[in-house]
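Source file: data_13.txt. Holds: compact mmCIF, C-alpha atoms and all ligand atoms.
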# COMPACT_ATOMS: atom_id res chain seq x y z
CA MET L 1 30.31 -64.96 -91.35
CA PRO L 2 31.07 -62.00 -93.61
CA GLU L 3 31.52 -58.58 -91.95
CA LYS L 4 28.18 -57.32 -90.65
CA SER L 5 26.65 -55.07 -93.30
CA ASN L 6 23.26 -53.70 -94.18
CA ALA L 7 22.86 -56.27 -96.94
CA ARG L 8 20.18 -58.88 -96.27
CA LYS L 9 21.70 -62.20 -95.24
CA LYS L 10 21.15 -65.13 -97.59
CA VAL L 11 20.04 -68.12 -95.53
CA LEU L 12 19.74 -71.52 -97.15
CA PHE L 13 17.38 -74.02 -95.51
CA ILE L 14 18.06 -77.73 -95.89
CA VAL L 15 15.26 -80.06 -94.77
CA GLY L 16 16.40 -83.64 -94.13
CA SER L 17 13.05 -85.13 -95.12
CA LEU L 18 11.61 -85.60 -98.60
CA ARG L 19 8.13 -86.32 -97.24
CA LYS L 20 5.33 -84.04 -98.53
CA GLY L 21 3.80 -83.44 -95.10
CA SER L 22 7.18 -83.33 -93.34
CA PHE L 23 7.10 -81.95 -89.79
CA ASN L 24 10.63 -80.71 -90.33
CA ARG L 25 9.49 -78.79 -93.39
CA GLN L 26 6.71 -77.28 -91.24
CA LEU L 27 9.34 -76.33 -88.65
CA ALA L 28 11.47 -74.74 -91.38
CA ASP L 29 8.45 -72.75 -92.59
CA LYS L 30 7.97 -71.44 -89.04
CA ALA L 31 11.64 -70.45 -88.86
CA ALA L 32 11.45 -68.75 -92.27
CA ALA L 33 8.52 -66.65 -91.04
CA LEU L 34 10.70 -65.44 -88.15
CA LEU L 35 13.53 -64.28 -90.42
CA SER L 36 11.99 -61.13 -91.84
CA ASP L 37 15.40 -59.46 -92.28
CA CYS L 38 16.90 -62.34 -94.29
CA ASP L 39 16.46 -63.83 -97.74
CA VAL L 40 15.51 -67.45 -97.11
CA SER L 41 15.53 -70.15 -99.76
CA PHE L 42 15.05 -73.93 -99.59
CA LEU L 43 17.52 -76.35 -101.15
CA ASP L 44 15.84 -78.86 -103.46
CA TYR L 45 18.18 -81.86 -103.64
CA ARG L 46 15.88 -84.64 -104.83
CA ASP L 47 17.82 -85.02 -108.06
CA VAL L 48 21.20 -85.55 -106.38
CA PRO L 49 22.10 -89.24 -106.90
CA PHE L 50 23.57 -91.64 -104.35
CA MET L 51 27.24 -90.91 -103.83
CA ASP L 52 29.29 -92.80 -106.39
CA GLN L 53 32.88 -91.75 -106.93
CA ASP L 54 32.57 -92.75 -110.58
CA LEU L 55 30.14 -89.82 -110.93
CA GLU L 56 32.34 -87.16 -109.37
CA ASP L 57 34.17 -85.92 -112.46
CA PRO L 58 32.84 -84.23 -114.53
CA VAL L 59 30.57 -82.60 -111.96
CA LEU L 60 26.92 -83.51 -112.53
CA PRO L 61 24.52 -80.59 -113.13
CA ALA L 62 22.49 -81.49 -109.99
CA VAL L 63 25.65 -81.53 -107.87
CA ALA L 64 26.93 -78.27 -109.38
CA ARG L 65 23.59 -76.63 -108.62
CA VAL L 66 23.42 -77.64 -104.95
CA ARG L 67 27.08 -76.70 -104.45
CA GLY L 68 26.39 -73.32 -106.07
CA GLU L 69 23.43 -72.66 -103.79
CA VAL L 70 25.43 -73.53 -100.68
CA ALA L 71 28.40 -71.43 -101.84
CA ALA L 72 26.11 -68.41 -102.40
CA ALA L 73 24.53 -68.64 -98.93
CA ASP L 74 25.84 -66.69 -95.95
CA LEU L 75 24.49 -69.34 -93.63
CA VAL L 76 22.87 -72.77 -93.76
CA TRP L 77 20.10 -73.91 -91.41
CA ILE L 78 19.46 -77.65 -91.35
CA PHE L 79 16.16 -79.15 -90.16
CA THR L 80 16.63 -82.82 -89.42
CA PRO L 81 14.30 -85.69 -88.52
CA GLU L 82 15.69 -88.50 -86.41
CA TYR L 83 16.00 -91.98 -87.93
CA ASN L 84 17.23 -94.65 -85.52
CA HIS L 85 18.93 -92.05 -83.34
CA SER L 86 20.70 -90.43 -86.26
CA TYR L 87 20.14 -88.14 -89.24
CA PRO L 88 18.47 -89.57 -92.37
CA GLY L 89 20.53 -91.12 -95.15
CA VAL L 90 19.27 -88.59 -97.72
CA LEU L 91 20.81 -85.79 -95.66
CA LYS L 92 24.11 -87.64 -95.20
CA ASN L 93 24.22 -88.34 -98.93
CA LEU L 94 23.74 -84.66 -99.74
CA LEU L 95 26.38 -83.59 -97.22
CA ASP L 96 28.81 -86.19 -98.59
CA TRP L 97 28.48 -84.64 -102.06
CA LEU L 98 28.89 -81.13 -100.65
CA SER L 99 31.94 -82.16 -98.61
CA ARG L 100 34.06 -83.04 -101.65
CA PRO L 101 36.58 -80.63 -103.23
CA ALA L 102 34.64 -78.01 -105.20
CA ASP L 103 37.01 -78.54 -108.16
CA PRO L 104 37.34 -82.29 -108.82
CA ALA L 105 40.54 -81.63 -110.78
CA ASP L 106 42.14 -80.05 -107.72
CA ARG L 107 41.96 -82.40 -104.73
CA LYS L 108 43.09 -79.54 -102.47
CA SER L 109 40.29 -77.15 -103.42
CA PRO L 110 38.08 -76.52 -100.38
CA SER L 111 34.55 -77.88 -100.29
CA VAL L 112 31.64 -75.44 -100.26
CA LEU L 113 30.97 -76.49 -96.65
CA ARG L 114 34.37 -75.43 -95.34
CA GLY L 115 33.92 -72.43 -93.04
CA LYS L 116 30.18 -72.20 -93.81
CA PRO L 117 28.17 -71.15 -90.72
CA VAL L 118 25.45 -73.66 -89.86
CA MET L 119 22.54 -73.88 -87.45
CA MET L 120 20.35 -76.90 -86.82
CA SER L 121 16.91 -77.80 -85.55
CA GLY L 122 14.79 -80.91 -85.62
CA ALA L 123 11.36 -82.38 -85.05
CA ALA L 124 11.08 -86.01 -83.92
CA GLY L 125 9.74 -88.21 -81.13
CA GLN L 126 10.56 -87.92 -77.43
CA SER L 127 14.17 -86.85 -78.02
CA ALA L 128 13.14 -83.81 -80.12
CA ALA L 129 15.81 -85.07 -82.54
CA LEU L 130 18.59 -84.45 -80.02
CA HIS L 131 20.44 -87.67 -80.94
CA SER L 132 20.21 -86.74 -84.57
CA ARG L 133 21.23 -83.11 -83.98
CA THR L 134 24.18 -84.14 -81.83
CA LYS L 135 25.48 -86.50 -84.51
CA LEU L 136 24.84 -83.90 -87.18
CA MET L 137 26.86 -81.39 -85.18
CA GLU L 138 29.79 -83.83 -85.09
CA LEU L 139 29.49 -84.40 -88.84
CA ALA L 140 29.25 -80.69 -89.66
CA SER L 141 32.30 -80.02 -87.50
CA LEU L 142 34.26 -82.82 -89.20
CA MET L 143 33.33 -81.28 -92.57
CA GLY L 144 34.77 -77.93 -91.47
CA MET L 145 31.51 -76.03 -90.98
CA GLU L 146 31.27 -73.23 -88.42
CA LEU L 147 28.74 -74.31 -85.80
CA LEU L 148 26.33 -71.71 -84.42
CA HIS L 149 23.90 -72.33 -81.56
CA GLY L 150 25.30 -75.79 -80.69
CA THR L 151 22.79 -78.58 -81.21
CA GLY L 152 20.12 -75.97 -81.90
CA THR L 153 16.47 -76.41 -81.05
CA GLY L 154 13.95 -79.22 -81.24
CA VAL L 155 10.26 -79.99 -81.25
CA VAL L 156 8.80 -83.16 -79.70
CA LEU L 157 6.20 -84.81 -81.89
CA GLY L 158 3.43 -86.14 -79.69
CA ARG L 159 0.52 -88.39 -80.52
CA GLU L 160 -1.61 -85.42 -81.60
CA ALA L 161 0.97 -84.31 -84.15
CA PHE L 162 1.14 -87.78 -85.66
CA MET L 163 -2.69 -88.01 -85.70
CA SER L 164 -3.25 -84.59 -87.28
CA GLY L 165 -0.08 -84.31 -89.36
CA LEU L 166 0.38 -80.81 -87.95
CA LEU L 167 3.41 -79.55 -86.08
CA THR L 168 2.28 -77.97 -82.82
CA PRO L 169 5.28 -76.75 -80.82
CA THR L 170 4.84 -75.92 -77.15
CA PRO L 171 5.20 -72.24 -76.16
CA GLU L 172 8.72 -73.10 -74.82
CA GLU L 173 9.71 -74.72 -78.11
CA GLU L 174 8.33 -71.70 -80.01
CA GLN L 175 10.36 -69.42 -77.76
CA GLU L 176 13.57 -71.38 -78.33
CA LEU L 177 13.07 -71.27 -82.09
CA SER L 178 12.46 -67.51 -81.93
CA ALA L 179 15.64 -67.04 -79.89
CA GLN L 180 17.60 -69.06 -82.43
CA ALA L 181 16.20 -66.99 -85.31
CA ALA L 182 16.94 -63.77 -83.42
CA GLU L 183 20.55 -64.89 -82.89
CA LEU L 184 20.88 -65.51 -86.62
CA GLU L 185 19.46 -62.08 -87.48
CA ARG L 186 21.92 -60.41 -85.07
CA LEU L 187 24.98 -61.95 -86.75
C1 LIG Z 1 13.45 -95.20 -90.40
C2 LIG Z 1 12.89 -94.35 -89.30
C3 LIG Z 1 13.49 -94.36 -88.06
C4 LIG Z 1 13.01 -93.52 -87.03
N1 LIG Z 1 13.69 -93.47 -85.85
C5 LIG Z 1 13.34 -92.54 -84.93
C6 LIG Z 1 14.13 -92.34 -83.76
O1 LIG Z 1 15.16 -92.99 -83.53
N2 LIG Z 1 13.74 -91.38 -82.88
C7 LIG Z 1 12.63 -90.61 -83.10
O2 LIG Z 1 12.33 -89.73 -82.29
N3 LIG Z 1 11.86 -90.77 -84.21
C8 LIG Z 1 12.20 -91.69 -85.11
N4 LIG Z 1 11.46 -91.84 -86.26
C9 LIG Z 1 10.25 -91.01 -86.42
C10 LIG Z 1 10.56 -89.72 -87.16
O3 LIG Z 1 11.35 -88.87 -86.37
C11 LIG Z 1 9.26 -89.04 -87.49
O4 LIG Z 1 8.54 -89.88 -88.38
C12 LIG Z 1 9.39 -87.67 -88.10
O5 LIG Z 1 8.12 -87.20 -88.34
C13 LIG Z 1 10.12 -87.67 -89.41
O6 LIG Z 1 10.30 -86.33 -89.84
P1 LIG Z 1 9.44 -85.67 -91.03
O7 LIG Z 1 8.03 -85.53 -90.53
O8 LIG Z 1 10.10 -84.33 -91.23
O9 LIG Z 1 9.53 -86.54 -92.23
C14 LIG Z 1 11.89 -92.69 -87.26
C15 LIG Z 1 11.27 -92.72 -88.54
C16 LIG Z 1 11.77 -93.52 -89.53
C17 LIG Z 1 11.12 -93.48 -90.91
Rewrite the coordinates I just gave you, this time as structure tokens.
Amino acid sequence: MPEKSNARKKVLFIVGSLRKGSFNRQLADKAAALLSDCDVSFLDYRDVPFMDQDLEDPVLPAVARVRGEVAAADLVWIFTPEYNHSYPGVLKNLLDWLSRPADPADRKSPSVLRGKPVMMSGAAGQSAALHSRTKLMELASLMGMELLHGTGTGVVLGREAFMSGLLTPTPEEEQELSAQAAELERL
């Protein structure tokens, strides 16, 4: 993290679900509401294609844009669903693009993820996305990100959530999310 200053921190949210009614997007909205001292923005990465090394150079506009948004952020907060005990492919694809050298002509240029502080949270079934968050933590570490708050926090999606489409965290889950947001604001 940069030296603590009075400037508002720029926090970039990445939601690992493209679904309109995404529970993880609802969780991210809750977290955003808790970060009154930060400037929060959401990364739109729908236009980033599947990784194809033939497309790496010259850098595609969509790839340049997402790299620019990550580079400009002080911190990234990822909200991940759990697909078959792991993070979704769309999220892995995005992170693969972001993990490549920022300058394709210079293989040694650091990626925009290197040294970038990251937090994570997730909403899923009984595991509260813990499998997914644990694997994401390993991936983020491999990519050189600075991990904050370990595997982060999770929300269990019960039958009611799936019936109503609404995320309804328990008071304990709300409290954990608030503590995570407070830790971020203290940085
Ligand atoms: C392909 C696929 C695999 C899934 N595997 C798991 C799983 O292993 N564990 C789990 O808790 N939920 C699993 N789910 C359920 C998702 O976690 C759940 O649908 C969640 O709402 C997705 O997040 P979203 O609402 O943000 O899109 C799976 C869903 C899909 C589509």
Please provide as a count of residues only all residues within 8 Å of Gly150 of chain L, with the sequence filter that same-chain residues fewer than 2 positions apart are discarded (counting all atoms listed in the file).
-> 6
If the box runs along x, y and z of the file and leaves 3 Å on each side of ligand LIG 1 (chain Z), what are its centre and edge lengths in Å, one decimal, as lines of an AutoDock Vina configuration file?
center_x = 11.6
center_y = -89.8
center_z = -87.3
size_x = 13.1
size_y = 16.9
size_z = 15.9
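Non-sequential neighbours of Ala32 of chain L (distance at most 9 Å, separation of 4 or more positions within a chain, all atoms listed in the file) are Phe13, Leu27, Ala28, Ser36, Cys38, Asp39, Val40, Ser41 and Ala181 of chain L.
Across the model, the gap from atom CA of Leu184 of chain L to atom CA of His149 of chain L is 9.0 Å.
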Let me have all residues with an atom within 7 Å of ligand LIG 1 (chain Z), counting all atoms listed in the file, laid out as a ChimeraX atom specification.
-> /L:16-19,21-25,80-86,123-129
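The nearest approach to Pro49 of chain L among the residues L:Gln175, L:Trp97, L:Val15, L:Arg65, with only C-alpha atoms taken into account, belongs to L:Trp97.
Picture a line from atom CA of Ala64 of chain L to atom CA of Ser99 of chain L; it runs 12.5 Å.
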Here atom CA of Arg107 of chain L and atom CA of Leu136 of chain L stand apart by 24.6 Å
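For the choices L:Lys116, L:Ser111, L:Leu139, L:Phe79, the atom-to-atom distance to Thr153 of chain L is smallest for L:Phe79 when using only C-alpha atoms.
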Within 12 Å of Gln53 of chain L using all atoms listed in the file, minus same-chain residues under 6 positions, as a list in words = Val59, Leu60, Asp96, Trp97, Arg100 and Pro104 of chain L
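With only C-alpha atoms as the atoms that count, the minimum distance from Val76 of chain L to the choices L:Val63, L:Ala33, L:Ile14, L:Leu95 is reached by L:Ile14.
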Smallest atom-to-atom distance to Leu91 of chain L: which of L:Val70, L:Val155, L:Val48, L:Leu166, using all atoms listed in the file?
->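 Distance minimum relative to Leu91 of chain L lands on L:Val48.
Of the listed residues (L:Met51, L:Lys108, L:Leu130, L:Ala71), L:Met51 comes nearest to Leu94 of chain L; the distances count only C-alpha atoms.
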Nearest to Asp57 of chain L among L:Val90, L:Ala105, L:Ala182, L:Ala161, with distances taken over all atoms listed in the file: which residue is it?
->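 With all atoms listed in the file as the atom set, the closest residue is L:Ala105.
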Contacts of Leu113 of chain L within 7 Å, all atoms listed in the file, excl. fewer than 5 positions in-chain, as a list of chain:residue names |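 My list of contacting residues is L:Leu98, L:Ser99, L:Met143, L:Gly144, L:Met145.
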Would you output segment 67-116 of chain L from that structure, restricted to N, CA and C atoms, as a PDB file, in the first residue's frame?
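Final output, saved to out.pdb:
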ATOM      1  N   ARG L  67      -6.235  -3.353 -17.533  1.00  0.00           N
ATOM      2  CA  ARG L  67      -4.921  -3.213 -16.881  1.00  0.00           C
ATOM      3  C   ARG L  67      -4.762  -1.805 -16.301  1.00  0.00           C
ATOM      4  N   GLY L  68      -5.251  -0.811 -17.057  1.00  0.00           N
ATOM      5  CA  GLY L  68      -5.147   0.575 -16.583  1.00  0.00           C
ATOM      6  C   GLY L  68      -5.949   0.784 -15.311  1.00  0.00           C
ATOM      7  N   GLU L  69      -7.128   0.181 -15.244  1.00  0.00           N
ATOM      8  CA  GLU L  69      -7.973   0.362 -14.051  1.00  0.00           C
ATOM      9  C   GLU L  69      -7.353  -0.316 -12.836  1.00  0.00           C
ATOM     10  N   VAL L  70      -6.745  -1.479 -13.057  1.00  0.00           N
ATOM     11  CA  VAL L  70      -6.087  -2.167 -11.932  1.00  0.00           C
ATOM     12  C   VAL L  70      -4.856  -1.362 -11.494  1.00  0.00           C
ATOM     13  N   ALA L  71      -4.086  -0.885 -12.467  1.00  0.00           N
ATOM     14  CA  ALA L  71      -2.866  -0.128 -12.134  1.00  0.00           C
ATOM     15  C   ALA L  71      -3.206   1.121 -11.321  1.00  0.00           C
ATOM     16  N   ALA L  72      -4.345   1.750 -11.637  1.00  0.00           N
ATOM     17  CA  ALA L  72      -4.716   3.009 -10.970  1.00  0.00           C
ATOM     18  C   ALA L  72      -5.292   2.792  -9.570  1.00  0.00           C
ATOM     19  N   ALA L  73      -5.650   1.545  -9.253  1.00  0.00           N
ATOM     20  CA  ALA L  73      -6.284   1.277  -7.951  1.00  0.00           C
ATOM     21  C   ALA L  73      -5.234   1.105  -6.857  1.00  0.00           C
ATOM     22  N   ASP L  74      -5.574   1.566  -5.654  1.00  0.00           N
ATOM     23  CA  ASP L  74      -4.694   1.321  -4.500  1.00  0.00           C
ATOM     24  C   ASP L  74      -4.882  -0.113  -4.017  1.00  0.00           C
ATOM     25  N   LEU L  75      -6.056  -0.636  -4.224  1.00  0.00           N
ATOM     26  CA  LEU L  75      -6.386  -1.956  -3.683  1.00  0.00           C
ATOM     27  C   LEU L  75      -7.498  -2.589  -4.513  1.00  0.00           C
ATOM     28  N   VAL L  76      -7.441  -3.908  -4.623  1.00  0.00           N
ATOM     29  CA  VAL L  76      -8.465  -4.647  -5.360  1.00  0.00           C
ATOM     30  C   VAL L  76      -9.214  -5.535  -4.370  1.00  0.00           C
ATOM     31  N   TRP L  77     -10.540  -5.573  -4.510  1.00  0.00           N
ATOM     32  CA  TRP L  77     -11.349  -6.471  -3.665  1.00  0.00           C
ATOM     33  C   TRP L  77     -12.128  -7.375  -4.616  1.00  0.00           C
ATOM     34  N   ILE L  78     -11.870  -8.681  -4.510  1.00  0.00           N
ATOM     35  CA  ILE L  78     -12.508  -9.641  -5.411  1.00  0.00           C
ATOM     36  C   ILE L  78     -13.661 -10.352  -4.698  1.00  0.00           C
ATOM     37  N   PHE L  79     -14.790 -10.446  -5.378  1.00  0.00           N
ATOM     38  CA  PHE L  79     -15.977 -11.140  -4.857  1.00  0.00           C
ATOM     39  C   PHE L  79     -16.203 -12.353  -5.754  1.00  0.00           C
ATOM     40  N   THR L  80     -15.979 -13.524  -5.198  1.00  0.00           N
ATOM     41  CA  THR L  80     -16.017 -14.715  -6.055  1.00  0.00           C
ATOM     42  C   THR L  80     -17.121 -15.713  -5.707  1.00  0.00           C
ATOM     43  N   PRO L  81     -17.840 -16.190  -6.716  1.00  0.00           N
ATOM     44  CA  PRO L  81     -18.711 -17.355  -6.508  1.00  0.00           C
ATOM     45  C   PRO L  81     -17.824 -18.596  -6.355  1.00  0.00           C
ATOM     46  N   GLU L  82     -18.453 -19.735  -6.178  1.00  0.00           N
ATOM     47  CA  GLU L  82     -17.708 -20.991  -6.158  1.00  0.00           C
ATOM     48  C   GLU L  82     -18.302 -21.899  -7.229  1.00  0.00           C
ATOM     49  N   TYR L  83     -17.478 -22.316  -8.169  1.00  0.00           N
ATOM     50  CA  TYR L  83     -17.900 -23.257  -9.213  1.00  0.00           C
ATOM     51  C   TYR L  83     -17.077 -24.527  -9.030  1.00  0.00           C
ATOM     52  N   ASN L  84     -17.739 -25.632  -8.703  1.00  0.00           N
ATOM     53  CA  ASN L  84     -17.039 -26.900  -8.523  1.00  0.00           C
ATOM     54  C   ASN L  84     -15.796 -26.747  -7.647  1.00  0.00           C
ATOM     55  N   HIS L  85     -16.025 -26.138  -6.492  1.00  0.00           N
ATOM     56  CA  HIS L  85     -14.977 -25.942  -5.478  1.00  0.00           C
ATOM     57  C   HIS L  85     -13.829 -25.051  -5.941  1.00  0.00           C
ATOM     58  N   SER L  86     -14.075 -24.223  -6.931  1.00  0.00           N
ATOM     59  CA  SER L  86     -13.013 -23.314  -7.356  1.00  0.00           C
ATOM     60  C   SER L  86     -13.635 -21.988  -7.809  1.00  0.00           C
ATOM     61  N   TYR L  87     -12.775 -21.079  -8.280  1.00  0.00           N
ATOM     62  CA  TYR L  87     -13.273 -19.788  -8.776  1.00  0.00           C
ATOM     63  C   TYR L  87     -13.725 -19.978 -10.231  1.00  0.00           C
ATOM     64  N   PRO L  88     -14.644 -19.123 -10.699  1.00  0.00           N
ATOM     65  CA  PRO L  88     -15.151 -19.273 -12.070  1.00  0.00           C
ATOM     66  C   PRO L  88     -14.082 -19.003 -13.126  1.00  0.00           C
ATOM     67  N   GLY L  89     -14.279 -19.642 -14.284  1.00  0.00           N
ATOM     68  CA  GLY L  89     -13.350 -19.469 -15.401  1.00  0.00           C
ATOM     69  C   GLY L  89     -13.236 -18.022 -15.865  1.00  0.00           C
ATOM     70  N   VAL L  90     -14.341 -17.263 -15.813  1.00  0.00           N
ATOM     71  CA  VAL L  90     -14.261 -15.869 -16.288  1.00  0.00           C
ATOM     72  C   VAL L  90     -13.279 -15.062 -15.435  1.00  0.00           C
ATOM     73  N   LEU L  91     -13.242 -15.384 -14.143  1.00  0.00           N
ATOM     74  CA  LEU L  91     -12.335 -14.665 -13.243  1.00  0.00           C
ATOM     75  C   LEU L  91     -10.885 -15.085 -13.512  1.00  0.00           C
ATOM     76  N   LYS L  92     -10.670 -16.381 -13.706  1.00  0.00           N
ATOM     77  CA  LYS L  92      -9.320 -16.872 -14.000  1.00  0.00           C
ATOM     78  C   LYS L  92      -8.814 -16.273 -15.314  1.00  0.00           C
ATOM     79  N   ASN L  93      -9.727 -16.190 -16.296  1.00  0.00           N
ATOM     80  CA  ASN L  93      -9.335 -15.634 -17.592  1.00  0.00           C
ATOM     81  C   ASN L  93      -8.886 -14.178 -17.442  1.00  0.00           C
ATOM     82  N   LEU L  94      -9.673 -13.414 -16.682  1.00  0.00           N
ATOM     83  CA  LEU L  94      -9.307 -12.009 -16.455  1.00  0.00           C
ATOM     84  C   LEU L  94      -7.952 -11.918 -15.761  1.00  0.00           C
ATOM     85  N   LEU L  95      -7.772 -12.713 -14.699  1.00  0.00           N
ATOM     86  CA  LEU L  95      -6.524 -12.645 -13.942  1.00  0.00           C
ATOM     87  C   LEU L  95      -5.334 -13.102 -14.800  1.00  0.00           C
ATOM     88  N   ASP L  96      -5.570 -14.063 -15.684  1.00  0.00           N
ATOM     89  CA  ASP L  96      -4.488 -14.484 -16.588  1.00  0.00           C
ATOM     90  C   ASP L  96      -4.033 -13.306 -17.462  1.00  0.00           C
ATOM     91  N   TRP L  97      -4.982 -12.570 -18.008  1.00  0.00           N
ATOM     92  CA  TRP L  97      -4.624 -11.393 -18.817  1.00  0.00           C
ATOM     93  C   TRP L  97      -3.858 -10.368 -17.974  1.00  0.00           C
ATOM     94  N   LEU L  98      -4.347 -10.147 -16.760  1.00  0.00           N
ATOM     95  CA  LEU L  98      -3.725  -9.124 -15.901  1.00  0.00           C
ATOM     96  C   LEU L  98      -2.350  -9.555 -15.418  1.00  0.00           C
ATOM     97  N   SER L  99      -2.088 -10.865 -15.421  1.00  0.00           N
ATOM     98  CA  SER L  99      -0.832 -11.377 -14.862  1.00  0.00           C
ATOM     99  C   SER L  99       0.344 -11.278 -15.838  1.00  0.00           C
ATOM    100  N   ARG L 100       0.068 -10.911 -17.084  1.00  0.00           N
ATOM    101  CA  ARG L 100       1.122 -10.875 -18.099  1.00  0.00           C
ATOM    102  C   ARG L 100       1.920  -9.578 -18.009  1.00  0.00           C
ATOM    103  N   PRO L 101       3.152  -9.547 -18.534  1.00  0.00           N
ATOM    104  CA  PRO L 101       3.948  -8.312 -18.469  1.00  0.00           C
ATOM    105  C   PRO L 101       3.149  -7.131 -19.031  1.00  0.00           C
ATOM    106  N   ALA L 102       3.177  -6.015 -18.330  1.00  0.00           N
ATOM    107  CA  ALA L 102       2.372  -4.851 -18.748  1.00  0.00           C
ATOM    108  C   ALA L 102       2.804  -4.381 -20.135  1.00  0.00           C
ATOM    109  N   ASP L 103       4.110  -4.500 -20.431  1.00  0.00           N
ATOM    110  CA  ASP L 103       4.623  -4.117 -21.753  1.00  0.00           C
ATOM    111  C   ASP L 103       4.973  -5.401 -22.514  1.00  0.00           C
ATOM    112  N   PRO L 104       4.169  -5.780 -23.514  1.00  0.00           N
ATOM    113  CA  PRO L 104       4.424  -7.056 -24.198  1.00  0.00           C
ATOM    114  C   PRO L 104       5.780  -7.104 -24.895  1.00  0.00           C
ATOM    115  N   ALA L 105       6.359  -5.917 -25.154  1.00  0.00           N
ATOM    116  CA  ALA L 105       7.672  -5.885 -25.819  1.00  0.00           C
ATOM    117  C   ALA L 105       8.793  -6.142 -24.816  1.00  0.00           C
ATOM    118  N   ASP L 106       8.482  -6.032 -23.550  1.00  0.00           N
ATOM    119  CA  ASP L 106       9.497  -6.239 -22.503  1.00  0.00           C
ATOM    120  C   ASP L 106       9.010  -7.344 -21.573  1.00  0.00           C
ATOM    121  N   ARG L 107       9.498  -8.562 -21.803  1.00  0.00           N
ATOM    122  CA  ARG L 107       9.019  -9.722 -21.049  1.00  0.00           C
ATOM    123  C   ARG L 107       9.281  -9.582 -19.550  1.00  0.00           C
ATOM    124  N   LYS L 108      10.211  -8.664 -19.192  1.00  0.00           N
ATOM    125  CA  LYS L 108      10.550  -8.518 -17.768  1.00  0.00           C
ATOM    126  C   LYS L 108       9.721  -7.428 -17.085  1.00  0.00           C
ATOM    127  N   SER L 109       8.889  -6.731 -17.843  1.00  0.00           N
ATOM    128  CA  SER L 109       8.099  -5.661 -17.210  1.00  0.00           C
ATOM    129  C   SER L 109       7.070  -6.297 -16.271  1.00  0.00           C
ATOM    130  N   PRO L 110       6.933  -5.737 -15.064  1.00  0.00           N
ATOM    131  CA  PRO L 110       6.021  -6.371 -14.098  1.00  0.00           C
ATOM    132  C   PRO L 110       4.564  -6.260 -14.535  1.00  0.00           C
ATOM    133  N   SER L 111       3.775  -7.224 -14.129  1.00  0.00           N
ATOM    134  CA  SER L 111       2.337  -7.168 -14.417  1.00  0.00           C
ATOM    135  C   SER L 111       1.703  -6.133 -13.492  1.00  0.00           C
ATOM    136  N   VAL L 112       0.489  -5.720 -13.830  1.00  0.00           N
ATOM    137  CA  VAL L 112      -0.202  -4.743 -12.977  1.00  0.00           C
ATOM    138  C   VAL L 112      -0.643  -5.367 -11.651  1.00  0.00           C
ATOM    139  N   LEU L 113      -0.591  -6.703 -11.557  1.00  0.00           N
ATOM    140  CA  LEU L 113      -0.990  -7.363 -10.307  1.00  0.00           C
ATOM    141  C   LEU L 113       0.152  -7.414  -9.297  1.00  0.00           C
ATOM    142  N   ARG L 114       1.387  -7.315  -9.799  1.00  0.00           N
ATOM    143  CA  ARG L 114       2.535  -7.502  -8.906  1.00  0.00           C
ATOM    144  C   ARG L 114       2.528  -6.456  -7.794  1.00  0.00           C
ATOM    145  N   GLY L 115       2.490  -6.912  -6.547  1.00  0.00           N
ATOM    146  CA  GLY L 115       2.523  -6.007  -5.397  1.00  0.00           C
ATOM    147  C   GLY L 115       1.186  -5.343  -5.097  1.00  0.00           C
ATOM    148  N   LYS L 116       0.154  -5.657  -5.874  1.00  0.00           N
ATOM    149  CA  LYS L 116      -1.155  -4.993  -5.678  1.00  0.00           C
ATOM    150  C   LYS L 116      -1.872  -5.625  -4.474  1.00  0.00           C
TER     151      LYS L 116
END
